[in-house]
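Q: Contents are mmCIF, N, CA and C atoms; file name protein-v8.cif:
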```
data_input
#
loop_
_atom_site.label_atom_id
_atom_site.label_comp_id
_atom_site.auth_asym_id
_atom_site.auth_seq_id
_atom_site.Cartn_x
_atom_site.Cartn_y
_atom_site.Cartn_z
N ILE A 280 83.92 147.60 132.87
CA ILE A 280 83.94 146.18 133.17
C ILE A 280 83.55 145.39 131.93
N TYR A 281 83.92 144.13 131.93
CA TYR A 281 83.52 143.19 130.89
C TYR A 281 82.69 142.11 131.54
N VAL A 282 81.55 141.80 130.92
CA VAL A 282 80.63 140.83 131.51
C VAL A 282 80.32 139.75 130.49
N PHE A 283 80.69 138.51 130.82
CA PHE A 283 80.24 137.37 130.02
C PHE A 283 78.78 137.17 130.39
N THR A 284 77.91 137.20 129.37
CA THR A 284 76.47 137.21 129.64
C THR A 284 75.72 136.33 128.65
N ASP A 285 74.51 135.97 129.05
CA ASP A 285 73.60 135.22 128.18
C ASP A 285 72.18 135.70 128.47
N VAL A 286 71.41 135.86 127.42
CA VAL A 286 70.05 136.38 127.59
C VAL A 286 69.12 135.41 128.33
N SER A 287 69.51 134.15 128.46
CA SER A 287 68.67 133.18 129.17
C SER A 287 69.00 133.11 130.66
N CYS A 288 69.94 133.90 131.12
CA CYS A 288 70.44 133.85 132.50
C CYS A 288 69.68 134.82 133.40
N PRO A 289 68.98 134.31 134.43
CA PRO A 289 68.22 135.20 135.32
C PRO A 289 69.07 136.26 136.02
N TYR A 290 70.26 135.90 136.46
CA TYR A 290 71.11 136.89 137.14
C TYR A 290 71.69 137.90 136.16
N CYS A 291 71.83 137.51 134.90
CA CYS A 291 72.24 138.48 133.86
C CYS A 291 71.13 139.51 133.67
N HIS A 292 69.88 139.07 133.77
CA HIS A 292 68.74 139.99 133.67
C HIS A 292 68.81 141.01 134.81
N ARG A 293 69.06 140.52 136.02
CA ARG A 293 69.14 141.43 137.17
C ARG A 293 70.27 142.43 136.99
N LEU A 294 71.41 141.95 136.53
CA LEU A 294 72.54 142.85 136.31
C LEU A 294 72.21 143.89 135.23
N HIS A 295 71.56 143.43 134.17
CA HIS A 295 71.20 144.33 133.07
C HIS A 295 70.23 145.42 133.55
N GLU A 296 69.35 145.08 134.48
CA GLU A 296 68.41 146.06 135.03
C GLU A 296 69.12 147.17 135.81
N GLN A 297 70.35 146.92 136.24
CA GLN A 297 71.14 147.90 136.99
C GLN A 297 72.01 148.76 136.07
N MET A 298 71.88 148.59 134.76
CA MET A 298 72.78 149.26 133.82
C MET A 298 72.80 150.78 134.02
N ASP A 299 71.64 151.41 134.12
CA ASP A 299 71.60 152.86 134.29
C ASP A 299 72.30 153.28 135.58
N GLU A 300 72.07 152.52 136.64
CA GLU A 300 72.71 152.82 137.92
C GLU A 300 74.23 152.68 137.82
N MET A 301 74.69 151.61 137.16
CA MET A 301 76.13 151.41 136.99
C MET A 301 76.73 152.52 136.15
N ASN A 302 76.07 152.85 135.05
CA ASN A 302 76.56 153.93 134.19
C ASN A 302 76.61 155.25 134.96
N GLY A 303 75.63 155.48 135.81
CA GLY A 303 75.59 156.68 136.62
C GLY A 303 76.76 156.78 137.60
N LYS A 304 77.32 155.64 137.96
CA LYS A 304 78.49 155.59 138.85
C LYS A 304 79.79 155.62 138.05
N GLY A 305 79.66 155.82 136.73
CA GLY A 305 80.86 155.89 135.89
C GLY A 305 81.38 154.55 135.43
N ILE A 306 80.57 153.50 135.59
CA ILE A 306 80.99 152.16 135.18
C ILE A 306 80.49 151.89 133.77
N GLU A 307 81.42 151.68 132.86
CA GLU A 307 81.07 151.32 131.48
C GLU A 307 81.03 149.80 131.41
N VAL A 308 79.96 149.27 130.86
CA VAL A 308 79.77 147.83 130.78
C VAL A 308 79.88 147.38 129.33
N ARG A 309 80.71 146.38 129.11
CA ARG A 309 80.83 145.78 127.79
C ARG A 309 80.48 144.30 127.92
N TYR A 310 79.50 143.88 127.13
CA TYR A 310 79.07 142.49 127.18
C TYR A 310 79.90 141.63 126.24
N ILE A 311 80.15 140.42 126.71
CA ILE A 311 80.80 139.39 125.91
C ILE A 311 79.82 138.22 125.89
N ALA A 312 79.51 137.74 124.70
CA ALA A 312 78.53 136.64 124.57
C ALA A 312 79.09 135.36 125.17
N TRP A 313 78.29 134.74 126.03
CA TRP A 313 78.66 133.45 126.60
C TRP A 313 77.39 132.62 126.76
N PRO A 314 76.86 132.11 125.62
CA PRO A 314 75.63 131.32 125.67
C PRO A 314 75.79 130.13 126.62
N ARG A 315 74.80 129.92 127.48
CA ARG A 315 74.88 128.85 128.48
C ARG A 315 74.60 127.48 127.91
N GLY A 316 74.33 127.40 126.64
CA GLY A 316 74.10 126.13 125.98
C GLY A 316 73.94 126.36 124.50
N GLU A 317 74.12 125.31 123.74
CA GLU A 317 74.03 125.41 122.28
C GLU A 317 72.68 125.97 121.85
N GLN A 318 71.62 125.67 122.60
CA GLN A 318 70.28 126.14 122.24
C GLN A 318 70.16 127.66 122.36
N HIS A 319 71.06 128.30 123.09
CA HIS A 319 71.01 129.76 123.24
C HIS A 319 71.94 130.49 122.26
N MET A 320 72.73 129.74 121.53
CA MET A 320 73.65 130.33 120.56
C MET A 320 72.91 131.17 119.50
N PRO A 321 71.80 130.68 118.91
CA PRO A 321 71.12 131.46 117.87
C PRO A 321 70.66 132.85 118.34
N ASN A 322 70.14 132.95 119.56
CA ASN A 322 69.71 134.26 120.07
C ASN A 322 70.89 135.22 120.19
N MET A 323 71.99 134.72 120.73
CA MET A 323 73.16 135.59 120.90
C MET A 323 73.73 136.01 119.54
N GLU A 324 73.71 135.09 118.58
CA GLU A 324 74.18 135.43 117.23
C GLU A 324 73.25 136.43 116.56
N ALA A 325 71.94 136.26 116.75
CA ALA A 325 70.97 137.18 116.16
C ALA A 325 71.14 138.59 116.74
N ILE A 326 71.41 138.67 118.03
CA ILE A 326 71.65 139.97 118.65
C ILE A 326 72.88 140.61 118.02
N TRP A 327 73.96 139.84 117.92
CA TRP A 327 75.19 140.38 117.35
C TRP A 327 74.98 140.86 115.91
N CYS A 328 74.17 140.14 115.16
CA CYS A 328 73.95 140.46 113.75
C CYS A 328 72.96 141.61 113.55
N SER A 329 72.30 142.05 114.61
CA SER A 329 71.33 143.14 114.51
C SER A 329 72.03 144.46 114.23
N GLU A 330 71.32 145.32 113.51
CA GLU A 330 71.86 146.64 113.21
C GLU A 330 72.09 147.44 114.50
N ASP A 331 71.16 147.30 115.45
CA ASP A 331 71.28 147.97 116.75
C ASP A 331 71.37 146.88 117.82
N ARG A 332 72.57 146.48 118.16
CA ARG A 332 72.79 145.38 119.12
C ARG A 332 72.21 145.70 120.49
N HIS A 333 72.37 146.94 120.91
CA HIS A 333 71.86 147.35 122.22
C HIS A 333 70.34 147.15 122.29
N ALA A 334 69.64 147.63 121.28
CA ALA A 334 68.18 147.49 121.24
C ALA A 334 67.78 146.02 121.15
N ALA A 335 68.48 145.26 120.33
CA ALA A 335 68.16 143.83 120.18
C ALA A 335 68.37 143.09 121.49
N PHE A 336 69.44 143.42 122.20
CA PHE A 336 69.70 142.79 123.49
C PHE A 336 68.57 143.10 124.46
N ASN A 337 68.14 144.37 124.49
CA ASN A 337 67.03 144.77 125.37
C ASN A 337 65.75 144.03 125.02
N VAL A 338 65.46 143.88 123.73
CA VAL A 338 64.25 143.18 123.29
C VAL A 338 64.24 141.75 123.83
N VAL A 339 65.35 141.05 123.64
CA VAL A 339 65.42 139.65 124.09
C VAL A 339 65.41 139.58 125.61
N MET A 340 66.10 140.49 126.28
CA MET A 340 66.10 140.50 127.75
C MET A 340 64.70 140.73 128.30
N ASN A 341 63.87 141.43 127.54
CA ASN A 341 62.49 141.68 127.97
C ASN A 341 61.54 140.55 127.58
N GLY A 342 62.09 139.46 127.05
CA GLY A 342 61.29 138.27 126.78
C GLY A 342 60.70 138.17 125.39
N ALA A 343 60.96 139.13 124.54
CA ALA A 343 60.42 139.09 123.18
C ALA A 343 61.33 138.27 122.28
N PRO A 344 60.74 137.61 121.30
CA PRO A 344 61.57 136.83 120.37
C PRO A 344 62.33 137.74 119.41
N ILE A 345 63.40 137.22 118.88
CA ILE A 345 64.18 137.95 117.89
C ILE A 345 64.32 137.05 116.66
N ALA A 346 64.23 137.65 115.51
CA ALA A 346 64.34 136.87 114.27
C ALA A 346 65.76 136.32 114.14
N PRO A 347 65.87 135.07 113.73
CA PRO A 347 67.21 134.51 113.53
C PRO A 347 67.96 135.34 112.49
N ALA A 348 69.24 135.44 112.68
CA ALA A 348 70.07 136.20 111.74
C ALA A 348 71.40 135.49 111.57
N ASN A 349 71.94 135.63 110.41
CA ASN A 349 73.21 135.00 110.12
C ASN A 349 74.16 136.06 109.58
N CYS A 350 75.29 136.19 110.22
CA CYS A 350 76.33 137.09 109.76
C CYS A 350 77.64 136.59 110.35
N LYS A 351 78.72 137.15 109.89
CA LYS A 351 80.00 136.81 110.50
C LYS A 351 79.98 137.45 111.89
N ASN A 352 80.13 136.63 112.92
CA ASN A 352 80.05 137.16 114.27
C ASN A 352 81.04 136.44 115.18
N PRO A 353 81.38 137.06 116.31
CA PRO A 353 82.38 136.50 117.21
C PRO A 353 81.81 135.69 118.37
N VAL A 354 80.53 135.32 118.32
CA VAL A 354 79.90 134.69 119.48
C VAL A 354 80.64 133.41 119.89
N ARG A 355 80.93 132.53 118.96
CA ARG A 355 81.64 131.29 119.33
C ARG A 355 83.05 131.59 119.82
N ALA A 356 83.71 132.56 119.22
CA ALA A 356 85.06 132.94 119.67
C ALA A 356 84.99 133.54 121.08
N GLN A 357 83.96 134.33 121.35
CA GLN A 357 83.80 134.90 122.69
C GLN A 357 83.53 133.79 123.71
N TYR A 358 82.73 132.81 123.31
CA TYR A 358 82.46 131.68 124.19
C TYR A 358 83.76 130.95 124.51
N GLN A 359 84.58 130.72 123.49
CA GLN A 359 85.86 130.04 123.69
C GLN A 359 86.78 130.87 124.58
N LEU A 360 86.79 132.18 124.40
CA LEU A 360 87.57 133.06 125.27
C LEU A 360 87.16 132.86 126.72
N GLY A 361 85.86 132.81 126.96
CA GLY A 361 85.37 132.58 128.31
C GLY A 361 85.86 131.26 128.88
N LEU A 362 85.79 130.21 128.07
CA LEU A 362 86.29 128.91 128.53
C LEU A 362 87.77 129.01 128.89
N ASN A 363 88.54 129.67 128.03
CA ASN A 363 89.98 129.82 128.27
C ASN A 363 90.27 130.61 129.54
N MET A 364 89.37 131.52 129.90
CA MET A 364 89.56 132.35 131.09
C MET A 364 88.99 131.69 132.35
N GLY A 365 88.34 130.55 132.18
CA GLY A 365 87.79 129.84 133.33
C GLY A 365 86.34 130.17 133.64
N VAL A 366 85.65 130.85 132.74
CA VAL A 366 84.24 131.14 132.97
C VAL A 366 83.47 129.83 133.00
N ASN A 367 82.63 129.67 134.02
CA ASN A 367 81.81 128.47 134.10
C ASN A 367 80.35 128.80 134.39
N GLY A 368 80.01 130.08 134.30
CA GLY A 368 78.64 130.50 134.50
C GLY A 368 78.50 131.98 134.21
N THR A 369 77.27 132.44 134.15
CA THR A 369 77.01 133.84 133.86
C THR A 369 76.15 134.45 134.96
N PRO A 370 76.25 135.74 135.18
CA PRO A 370 77.26 136.62 134.60
C PRO A 370 78.62 136.37 135.22
N ALA A 371 79.66 136.66 134.48
CA ALA A 371 81.03 136.60 134.98
C ALA A 371 81.63 137.97 134.70
N ILE A 372 81.97 138.69 135.75
CA ILE A 372 82.39 140.09 135.63
C ILE A 372 83.90 140.21 135.82
N TYR A 373 84.53 140.93 134.90
CA TYR A 373 85.98 141.16 134.94
C TYR A 373 86.25 142.65 134.83
N ASN A 374 87.33 143.09 135.47
CA ASN A 374 87.71 144.50 135.30
C ASN A 374 88.51 144.65 134.02
N ALA A 375 88.93 145.86 133.71
CA ALA A 375 89.64 146.14 132.45
C ALA A 375 90.98 145.43 132.37
N GLU A 376 91.54 145.04 133.51
CA GLU A 376 92.82 144.33 133.52
C GLU A 376 92.63 142.81 133.42
N GLY A 377 91.39 142.37 133.34
CA GLY A 377 91.12 140.94 133.21
C GLY A 377 91.02 140.20 134.53
N VAL A 378 90.89 140.93 135.63
CA VAL A 378 90.76 140.32 136.94
C VAL A 378 89.29 140.00 137.20
N TYR A 379 89.03 138.76 137.61
CA TYR A 379 87.67 138.32 137.89
C TYR A 379 87.16 139.02 139.14
N LEU A 380 86.00 139.66 139.04
CA LEU A 380 85.40 140.37 140.17
C LEU A 380 84.28 139.57 140.83
N GLY A 381 83.66 138.67 140.08
CA GLY A 381 82.58 137.87 140.64
C GLY A 381 81.48 137.61 139.64
N GLY A 382 80.44 136.97 140.14
CA GLY A 382 79.24 136.75 139.33
C GLY A 382 78.34 137.96 139.48
N TYR A 383 77.05 137.72 139.72
CA TYR A 383 76.14 138.85 139.90
C TYR A 383 76.58 139.66 141.12
N LEU A 384 76.66 140.98 140.95
CA LEU A 384 76.99 141.89 142.05
C LEU A 384 76.05 143.08 142.01
N SER A 385 75.67 143.56 143.19
CA SER A 385 74.91 144.81 143.24
C SER A 385 75.84 145.93 142.77
N THR A 386 75.26 147.04 142.39
CA THR A 386 76.09 148.16 141.94
C THR A 386 77.03 148.61 143.04
N SER A 387 76.55 148.69 144.28
CA SER A 387 77.41 149.14 145.38
C SER A 387 78.56 148.17 145.61
N GLU A 388 78.30 146.88 145.53
CA GLU A 388 79.37 145.88 145.71
C GLU A 388 80.35 145.95 144.55
N LEU A 389 79.85 146.16 143.36
CA LEU A 389 80.73 146.28 142.19
C LEU A 389 81.65 147.49 142.34
N VAL A 390 81.11 148.61 142.79
CA VAL A 390 81.92 149.81 143.01
C VAL A 390 83.03 149.50 144.02
N LYS A 391 82.69 148.83 145.12
CA LYS A 391 83.69 148.47 146.14
C LYS A 391 84.81 147.62 145.54
N ARG A 392 84.43 146.63 144.76
CA ARG A 392 85.45 145.74 144.18
C ARG A 392 86.32 146.45 143.16
N LEU A 393 85.75 147.40 142.45
CA LEU A 393 86.55 148.16 141.48
C LEU A 393 87.51 149.12 142.18
N GLU A 394 87.15 149.58 143.36
CA GLU A 394 88.01 150.51 144.10
C GLU A 394 89.18 149.80 144.77
N ASN A 395 89.09 148.50 144.96
CA ASN A 395 90.18 147.75 145.63
C ASN A 395 91.29 147.41 144.69
#
```
Translate this file's structure into structure tokens.
A:
Amino acid sequence: IYVFTDVSCPYCHRLHEQMDEMNGKGIEVRYIAWPRGEQHMPNMEAIWCSEDRHAAFNVVMNGAPIAPANCKNPVRAQYQLGLNMGVNGTPAIYNAEGVYLGGYLSTSELVKRLEN
């Protein structure tokens, strides 16, 4: 699945906490940056610019600050992609074919929607 996400989003936190459970069900999750406001853009860019994006994302999701970073990154392009696809909030979950599955979903509900 592809998930438009932002580290400031409470439901994105809940979804992220289910990552091990989703992976255990064979669901691969790929995050797409979709900052919910300009003030959240620096955090998402810093995560992208980190050597270990996964670890940096976890650090910020756990409430710790991350040092600002500047690099060539796709965060603004990913945000624009979301706008073009009709994303208006996070999380926004899509299957591999680009079909919208919903916002926050439990792992069991996500499995059901992927099977349909």
Q: Residues at most 12 Å from Ala375 of chain A, counting only C-alpha atoms, excluding those fewer than 6 positions away in the same chain, as a list in words?
A: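 Non-adjacent residues within range: Ile280, Tyr281, Val282, Ile306, Glu307, Val308, Arg309 and Leu393 of chain A.
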Q: Calculated over all atoms listed in the file, which of the candidates A:Lys391, A:Ser385, A:Asn367, A:Met340 has the smallest distance to Cys291 of chain A?
A: A:Met340
Q: For Gln297 of chain A, work out the shell of residues within 8 Å, counting only C-alpha atoms and skipping chain neighbours fewer than 3 positions away, then give it as a PDB file with N, CA and C atoms, keeping the file's coordinate frame.
A:
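Result written to around33.pdb:
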```
ATOM      1  N   ARG A 293      69.060 140.520 136.020  1.00  0.00           N
ATOM      2  CA  ARG A 293      69.140 141.430 137.170  1.00  0.00           C
ATOM      3  C   ARG A 293      70.270 142.430 136.990  1.00  0.00           C
ATOM      4  N   LEU A 294      71.410 141.950 136.530  1.00  0.00           N
ATOM      5  CA  LEU A 294      72.540 142.850 136.310  1.00  0.00           C
ATOM      6  C   LEU A 294      72.210 143.890 135.230  1.00  0.00           C
ATOM      7  N   GLU A 300      72.070 152.520 136.640  1.00  0.00           N
ATOM      8  CA  GLU A 300      72.710 152.820 137.920  1.00  0.00           C
ATOM      9  C   GLU A 300      74.230 152.680 137.820  1.00  0.00           C
ATOM     10  N   MET A 301      74.690 151.610 137.160  1.00  0.00           N
ATOM     11  CA  MET A 301      76.130 151.410 136.990  1.00  0.00           C
ATOM     12  C   MET A 301      76.730 152.520 136.150  1.00  0.00           C
ATOM     13  N   SER A 385      75.670 143.560 143.190  1.00  0.00           N
ATOM     14  CA  SER A 385      74.910 144.810 143.240  1.00  0.00           C
ATOM     15  C   SER A 385      75.840 145.930 142.770  1.00  0.00           C
ATOM     16  N   THR A 386      75.260 147.040 142.390  1.00  0.00           N
ATOM     17  CA  THR A 386      76.090 148.160 141.940  1.00  0.00           C
ATOM     18  C   THR A 386      77.030 148.610 143.040  1.00  0.00           C
TER      19      THR A 386
END
```
Q: Using only the atoms of segment 326-331 of chain A listed in the file, plus 3 Å on each side, state the axis-aligned box centre and edge lengths in Å rounded to one decimal, as AutoDock Vina command-line options.
A:
```
--center_x 73.2 --center_y 143.3 --center_z 115.9 --size_x 10.0 --size_y 15.3 --size_z 11.4
```
Q: Given the file shown, determine the residues that the PyMOL selection byres ((chain A and resi 381) around 5) selects; report them as JSON, numbers by chain.
A: {"A": [371, 372, 379, 380, 382, 383]}
Q: Under the rule that only C-alpha atoms are counted, which of A:Tyr290, A:Phe283, A:Tyr310, A:Tyr373 is the nearest residue to Trp327 of chain A?
A: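 Smallest separation from Trp327 of chain A among the options: A:Tyr310.
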Q: Give me the residues near Ile326 of chain A as a list in words, where near means some atom within 8 Å (using only N, CA and C atoms) and where sequence neighbours in that chain fewer than 3 positions away do not count.
A: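 The filter keeps Met320, Pro321, Asn322, Met323, Ser329, Glu330, Asp331, Arg332, His333, Ala334, Ala335, Phe336, Ile345, Ala346, Pro347 and Ala348 of chain A.
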Q: Between atom CA of Ser287 of chain A and atom N of Gly365 of chain A, measure the distance and give it in Å to one decimal.
A: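 Computed distance, atom CA of Ser287 of chain A to atom N of Gly365 of chain A, equals 20.1 Å.
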Q: Looking at only C-alpha atoms, which of A:Val339, A:Trp313, A:Val378, A:His319 is the one that sits closest to Gln359 of chain A?
A: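 Looking at the shortest contact to Gln359 of chain A, the residue is A:Trp313.
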Q: Please give the complete set of residues from chain A that DSSP, run on the backbone, assigns to strand (DSSP E or B), formatted as an NGL selection string.
A: :A and (281-284 or 309-312 or 371-373 or 379-381)
Q: May I have the selected residues written with N, CA and C atoms, as a compact mmCIF listing (two decimals), in the coordinates of the input?
A:
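To be explicit, this is the file written out as out.txt:
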```
# COMPACT_ATOMS: atom_id res chain seq x y z
N TYR A 281 83.92 144.13 131.93
CA TYR A 281 83.52 143.19 130.89
C TYR A 281 82.69 142.11 131.54
N VAL A 282 81.55 141.80 130.92
CA VAL A 282 80.63 140.83 131.51
C VAL A 282 80.32 139.75 130.49
N PHE A 283 80.69 138.51 130.82
CA PHE A 283 80.24 137.37 130.02
C PHE A 283 78.78 137.17 130.39
N THR A 284 77.91 137.20 129.37
CA THR A 284 76.47 137.21 129.64
C THR A 284 75.72 136.33 128.65
N ARG A 309 80.71 146.38 129.11
CA ARG A 309 80.83 145.78 127.79
C ARG A 309 80.48 144.30 127.92
N TYR A 310 79.50 143.88 127.13
CA TYR A 310 79.07 142.49 127.18
C TYR A 310 79.90 141.63 126.24
N ILE A 311 80.15 140.42 126.71
CA ILE A 311 80.80 139.39 125.91
C ILE A 311 79.82 138.22 125.89
N ALA A 312 79.51 137.74 124.70
CA ALA A 312 78.53 136.64 124.57
C ALA A 312 79.09 135.36 125.17
N ALA A 371 79.66 136.66 134.48
CA ALA A 371 81.03 136.60 134.98
C ALA A 371 81.63 137.97 134.70
N ILE A 372 81.97 138.69 135.75
CA ILE A 372 82.39 140.09 135.63
C ILE A 372 83.90 140.21 135.82
N TYR A 373 84.53 140.93 134.90
CA TYR A 373 85.98 141.16 134.94
C TYR A 373 86.25 142.65 134.83
N TYR A 379 89.03 138.76 137.61
CA TYR A 379 87.67 138.32 137.89
C TYR A 379 87.16 139.02 139.14
N LEU A 380 86.00 139.66 139.04
CA LEU A 380 85.40 140.37 140.17
C LEU A 380 84.28 139.57 140.83
N GLY A 381 83.66 138.67 140.08
CA GLY A 381 82.58 137.87 140.64
C GLY A 381 81.48 137.61 139.64
```
Q: Pick out the residues sitting within 6 Å of Tyr358 of chain A, and hand them over as a list of chain:residue names; count all atoms listed in the file, and ignore anything fewer than 3 positions along from it in its own chain.
A: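 Close residues of Tyr358 of chain A: A:Ala312, A:Trp313, A:Pro314, A:Pro353, A:Val354, A:Arg355, A:Gly361, A:Leu362.
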Q: Could you save the residues just selected, with N, CA and C atoms, as a PDB file, in the coordinates of the input?
A:
```pdb
ATOM      1  N   ALA A 312      79.510 137.740 124.700  1.00  0.00           N
ATOM      2  CA  ALA A 312      78.530 136.640 124.570  1.00  0.00           C
ATOM      3  C   ALA A 312      79.090 135.360 125.170  1.00  0.00           C
ATOM      4  N   TRP A 313      78.290 134.740 126.030  1.00  0.00           N
ATOM      5  CA  TRP A 313      78.660 133.450 126.600  1.00  0.00           C
ATOM      6  C   TRP A 313      77.390 132.620 126.760  1.00  0.00           C
ATOM      7  N   PRO A 314      76.860 132.110 125.620  1.00  0.00           N
ATOM      8  CA  PRO A 314      75.630 131.320 125.670  1.00  0.00           C
ATOM      9  C   PRO A 314      75.790 130.130 126.620  1.00  0.00           C
ATOM     10  N   PRO A 353      81.380 137.060 116.310  1.00  0.00           N
ATOM     11  CA  PRO A 353      82.380 136.500 117.210  1.00  0.00           C
ATOM     12  C   PRO A 353      81.810 135.690 118.370  1.00  0.00           C
ATOM     13  N   VAL A 354      80.530 135.320 118.320  1.00  0.00           N
ATOM     14  CA  VAL A 354      79.900 134.690 119.480  1.00  0.00           C
ATOM     15  C   VAL A 354      80.640 133.410 119.890  1.00  0.00           C
ATOM     16  N   ARG A 355      80.930 132.530 118.960  1.00  0.00           N
ATOM     17  CA  ARG A 355      81.640 131.290 119.330  1.00  0.00           C
ATOM     18  C   ARG A 355      83.050 131.590 119.820  1.00  0.00           C
ATOM     19  N   GLY A 361      85.860 132.810 126.960  1.00  0.00           N
ATOM     20  CA  GLY A 361      85.370 132.580 128.310  1.00  0.00           C
ATOM     21  C   GLY A 361      85.860 131.260 128.880  1.00  0.00           C
ATOM     22  N   LEU A 362      85.790 130.210 128.070  1.00  0.00           N
ATOM     23  CA  LEU A 362      86.290 128.910 128.530  1.00  0.00           C
ATOM     24  C   LEU A 362      87.770 129.010 128.890  1.00  0.00           C
TER      25      LEU A 362
END
```
Q: Pull the alpha helix (DSSP H) assignments for chain A out of DSSP run on the backbone, and list those residues as a ChimeraX atom specification.
A: /A:289-296,298-303,320-328,332-340,354-364,386-394
Q: What does the distance from atom CA of Val338 of chain A to atom CA of Gln357 of chain A come to in Å, to one decimal?
A: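 So the two atoms, atom CA of Val338 of chain A and atom CA of Gln357 of chain A, lie 21.2 Å apart.
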Q: Counting only C-alpha atoms, which of A:Asn337, A:Thr369, A:Asn349, A:Gln318 gets nearest to Cys288 of chain A?
A: A:Thr369
Q: Could you please determine the separation between atom CA of Glu296 of chain A and atom CA of Pro370 of chain A in Å, to one decimal place?
A: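 Interatomic distance, atom CA of Glu296 of chain A to atom CA of Pro370 of chain A: 12.9 Å.
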Q: Find the residue from A:Ile311, A:Ala343, A:Gly305, A:His292 that sits nearest to Leu384 of chain A; use only C-alpha atoms when measuring.
A: A:His292
